[in-house]
Amino acid sequence: MKILVTGASGMLGQDMVSALPDDEVVGVDITGDSIPLDITDLGAVRTFIARSKPDVVLHLAAFTNVDACQTEPETAWRVNAGGTWNIAAACQETDAAMLYISTDFVFDGRAAQPYDEFERANPLSVYGRTKYAGEELVRQMVRKHYIARTAWLYGPLGKSFPATILRVAREGKPLRVIGDQEGSPTYTVDLAEAVARIIRQPLYGVYHVTNSGSCSWHEFARAILLDSGLNDANLSRINSEEWPSPTKRPAYSVLEHRALRLANLPPMRPWRDALQDFLVRYAEIQK
Ligand SMILES: NC(=O)c1ccc[n+]([C@@H]2O[C@H](COP(=O)([O-])OP(=O)(O)OC[C@H]3O[C@@H](n4cnc5c(N)ncnc54)[C@H](OP(=O)(O)O)[C@@H]3O)[C@@H](O)[C@H]2O)c1
């Protein structure tokens, strides 16, 4: 298949391109080594997609700094909603399928059990609202669309939570980490493989794609330290109110994987197993 990946220089984008070794892949981004394409430029997006004629567009590019979205809402709307609108229009015009990466931040976090794909969204933040607007535009405009919601992403090739925890721990500094938010840490390499499987079937719709199981940020940090052979003596648990942030985050955003099961696709492995693979890979990169 010919596959166009937006956000190809990002944390997920680099692993996404690597997960498609047998396809003809074109990676675009506003930054990095990818072919330059600004998704907010409708003319450029239409021309590029009309010329490259992909079978599928994997739309990963976004304004992903959640706190910056809160303080720069116009940029968040322009990139996350407007940019997605442009990609959707070009996909519909060329009859390309489109997969849009969305987020657990579309939910308000008030549930007591994992959110399935058919649950009502109620985003709390600008980031969540703009990503959800992107979902709605994709749903309305692109006949052959997939929406893949993921959460708590970390990967070897980006600024990630585990990388920060390891750096601060090695500097011997105190680590204060939130213990009252629960979610599913998700390894970009696993997510990229899941996406590569989803697009082989014409089962269009919404998928939740996270590693299995859940934990708090504090439990995630503890696992990172222990699985790296580091001491957790400097790690302490705090509540969300103790961490200064302009963004209201869902307290509970565990996602149920109903669509993967219905589509007979394999479940993603437990987050702790994925973390161990990450730590090996990350250590190799750091050498
Ligand atoms: N990280 C998470 O925990 C998480 C959780 C759920 C869902 N997601 C979603 O997963 C996707 C990938 O996330 P990620 O963490 O890999 O993000 P990332 O590393 O920030 O990658 C996003 C890429 O999009 C690029 N971009 C920004 N504005 C653009 C524009 N106008 N035109 C073209 N490219 C543009 C970014 O460039 P710059 O770096 O120059 O801005 C960056 O290279 C996003 O759609 C995100 O919303 C992420």
# chains A, B, ... in the order shown; residues from 1 in each chain; ligands from 1

$ closest_atom_pairs --of "chain A" --to "ligand 1" --cutoff "8 Å" --atoms "only C-alpha atoms and all ligand atoms" --output "CSV"
residue,atom,partner,partner_atom_place_in_ligand_line,distance
A:Thr6,CA,ligand 1,34 (N),6.4
A:Gly7,CA,ligand 1,24 (O),3.8
A:Ala8,CA,ligand 1,43 (O),6.4
A:Ser9,CA,ligand 1,43 (O),4.7
A:Gly10,CA,ligand 1,21 (O),3.4
A:Met11,CA,ligand 1,16 (O),3.7
A:Leu12,CA,ligand 1,16 (O),3.7
A:Gly13,CA,ligand 1,16 (O),5.7
A:Val28,CA,ligand 1,33 (C),7.2
A:Asp29,CA,ligand 1,34 (N),4.2
A:Ile30,CA,ligand 1,33 (C),4.2
A:Thr31,CA,ligand 1,40 (O),4.9
A:Gly32,CA,ligand 1,43 (O),7.1
A:Pro36,CA,ligand 1,33 (C),7.7
A:Leu37,CA,ligand 1,33 (C),5.6
A:Asp38,CA,ligand 1,32 (N),3.5
A:Ile39,CA,ligand 1,32 (N),4.0
A:Thr40,CA,ligand 1,31 (N),5.2
A:Asp41,CA,ligand 1,31 (N),7.9
A:His59,CA,ligand 1,45 (O),7.0
A:Leu60,CA,ligand 1,45 (O),4.1
A:Ala61,CA,ligand 1,24 (O),3.4
A:Ala62,CA,ligand 1,24 (O),4.6
A:Phe63,CA,ligand 1,27 (C),5.0
A:Thr64,CA,ligand 1,20 (O),4.9
A:Asn65,CA,ligand 1,20 (O),7.1
A:Val79,CA,ligand 1,31 (N),5.3
A:Asn80,CA,ligand 1,47 (O),7.8
A:Gly83,CA,ligand 1,31 (N),6.6
A:Tyr100,CA,ligand 1,45 (O),7.3
A:Ile101,CA,ligand 1,45 (O),4.9
A:Ser102,CA,ligand 1,7 (C),5.1
A:Thr103,CA,ligand 1,6 (C),4.0
A:Asp104,CA,ligand 1,6 (C),6.2
A:Phe105,CA,ligand 1,6 (C),7.4
A:Lys131,CA,ligand 1,47 (O),6.8
A:Arg149,CA,ligand 1,7 (C),6.5
A:Thr150,CA,ligand 1,6 (C),4.6
A:Ala151,CA,ligand 1,5 (C),4.0
A:Trp152,CA,ligand 1,3 (O),3.9
A:Leu153,CA,ligand 1,3 (O),3.7
A:Tyr154,CA,ligand 1,3 (O),6.6
A:Gly158,CA,ligand 1,19 (O),6.1
A:Lys159,CA,ligand 1,19 (O),7.5
A:Ser160,CA,ligand 1,1 (N),7.9
A:Thr188,CA,ligand 1,16 (O),7.9

$ select_by_dssp --residues "region 95-195 of chain A" --states "strand (DSSP E or B)" --output "compact mmCIF listing (two decimals) with N, CA and C atoms, in the first residue's frame"
# COMPACT_ATOMS: atom_id res chain seq x y z
N ALA A 97 -8.21 6.39 2.25
CA ALA A 97 -8.66 6.12 3.62
C ALA A 97 -7.84 7.00 4.56
N MET A 98 -8.40 7.29 5.73
CA MET A 98 -7.69 8.15 6.68
C MET A 98 -7.75 7.54 8.07
N LEU A 99 -6.61 7.48 8.73
CA LEU A 99 -6.58 7.09 10.14
C LEU A 99 -6.11 8.30 10.95
N TYR A 100 -6.93 8.70 11.91
CA TYR A 100 -6.65 9.87 12.74
C TYR A 100 -6.31 9.39 14.15
N ILE A 101 -5.16 9.83 14.65
CA ILE A 101 -4.80 9.47 16.02
C ILE A 101 -5.45 10.47 16.99
N SER A 102 -6.28 9.94 17.89
CA SER A 102 -6.92 10.79 18.88
C SER A 102 -6.47 10.37 20.29
N THR A 103 -7.19 10.78 21.28
CA THR A 103 -6.65 10.77 22.64
C THR A 103 -7.69 10.41 23.71
N TYR A 115 -13.37 3.15 29.57
CA TYR A 115 -14.23 3.74 28.53
C TYR A 115 -14.16 2.89 27.27
N HIS A 145 -12.81 6.01 7.14
CA HIS A 145 -11.97 6.57 8.20
C HIS A 145 -11.84 5.62 9.40
N TYR A 146 -10.69 5.70 10.03
CA TYR A 146 -10.45 5.05 11.32
C TYR A 146 -10.06 6.17 12.29
N ILE A 147 -10.55 6.05 13.53
CA ILE A 147 -10.10 6.96 14.60
C ILE A 147 -9.48 6.08 15.66
N ALA A 148 -8.20 6.28 15.93
CA ALA A 148 -7.49 5.43 16.90
C ALA A 148 -7.15 6.28 18.11
N ARG A 149 -7.88 6.05 19.22
CA ARG A 149 -7.60 6.82 20.45
C ARG A 149 -6.55 6.10 21.27
N THR A 150 -5.53 6.86 21.66
CA THR A 150 -4.49 6.28 22.49
C THR A 150 -4.23 7.18 23.70
N LEU A 153 1.44 8.24 25.89
CA LEU A 153 2.44 7.70 24.96
C LEU A 153 3.87 7.97 25.42
N TYR A 154 4.72 7.00 25.22
CA TYR A 154 6.17 7.21 25.41
C TYR A 154 6.88 6.35 24.37
N LEU A 175 11.82 13.38 43.10
CA LEU A 175 10.81 13.16 42.06
C LEU A 175 9.44 13.19 42.72
N ARG A 176 8.66 14.23 42.41
CA ARG A 176 7.29 14.32 42.95
C ARG A 176 6.35 13.99 41.80
N VAL A 177 5.60 12.90 41.92
CA VAL A 177 4.80 12.43 40.78
C VAL A 177 3.36 12.18 41.19
N ILE A 178 2.44 12.56 40.29
CA ILE A 178 1.00 12.51 40.57
C ILE A 178 0.50 11.06 40.73
N GLU A 182 -5.27 7.97 36.78
CA GLU A 182 -5.03 6.60 36.33
C GLU A 182 -5.22 6.47 34.83
N GLY A 183 -4.29 5.79 34.18
CA GLY A 183 -4.37 5.60 32.73
C GLY A 183 -3.54 4.41 32.30
N THR A 186 1.44 3.77 27.17
CA THR A 186 1.40 3.07 25.86
C THR A 186 2.69 3.33 25.10
N TYR A 187 3.31 2.22 24.70
CA TYR A 187 4.61 2.26 24.01
C TYR A 187 4.36 2.53 22.53

$ select_by_dssp --residues "region 62-252 of chain A" --states "alpha helix (DSSP H)" --output "VMD selection string"
chain A and resid 66 to 71 73 to 76 84 to 94 126 to 141 161 to 170 188 to 198 217 to 227

$ atom_distance --atom1 "CA of Tyr127 (chain A)" --atom2 "CA of Pro114 (chain A)"
20.9 Å

$ residues_around --residues "region 16-26 of chain A" --least-positions-apart "5" --cutoff "8 Å" --atoms "only C-alpha atoms" --output "NGL selection string"
:A and (1-5 or 8 or 35 or 188-189 or 192-193 or 196)

$ residues_around --residues "region 274-276 of chain A" --least-positions-apart "5" --cutoff "9 Å" --atoms "only C-alpha atoms" --output "list in words"
Pro162, Pro185, Thr186, Tyr187, Val189, Asp190, Asn211, Ala223, Ile224, Asp227, Ser228, Arg269 and Arg281 of chain A
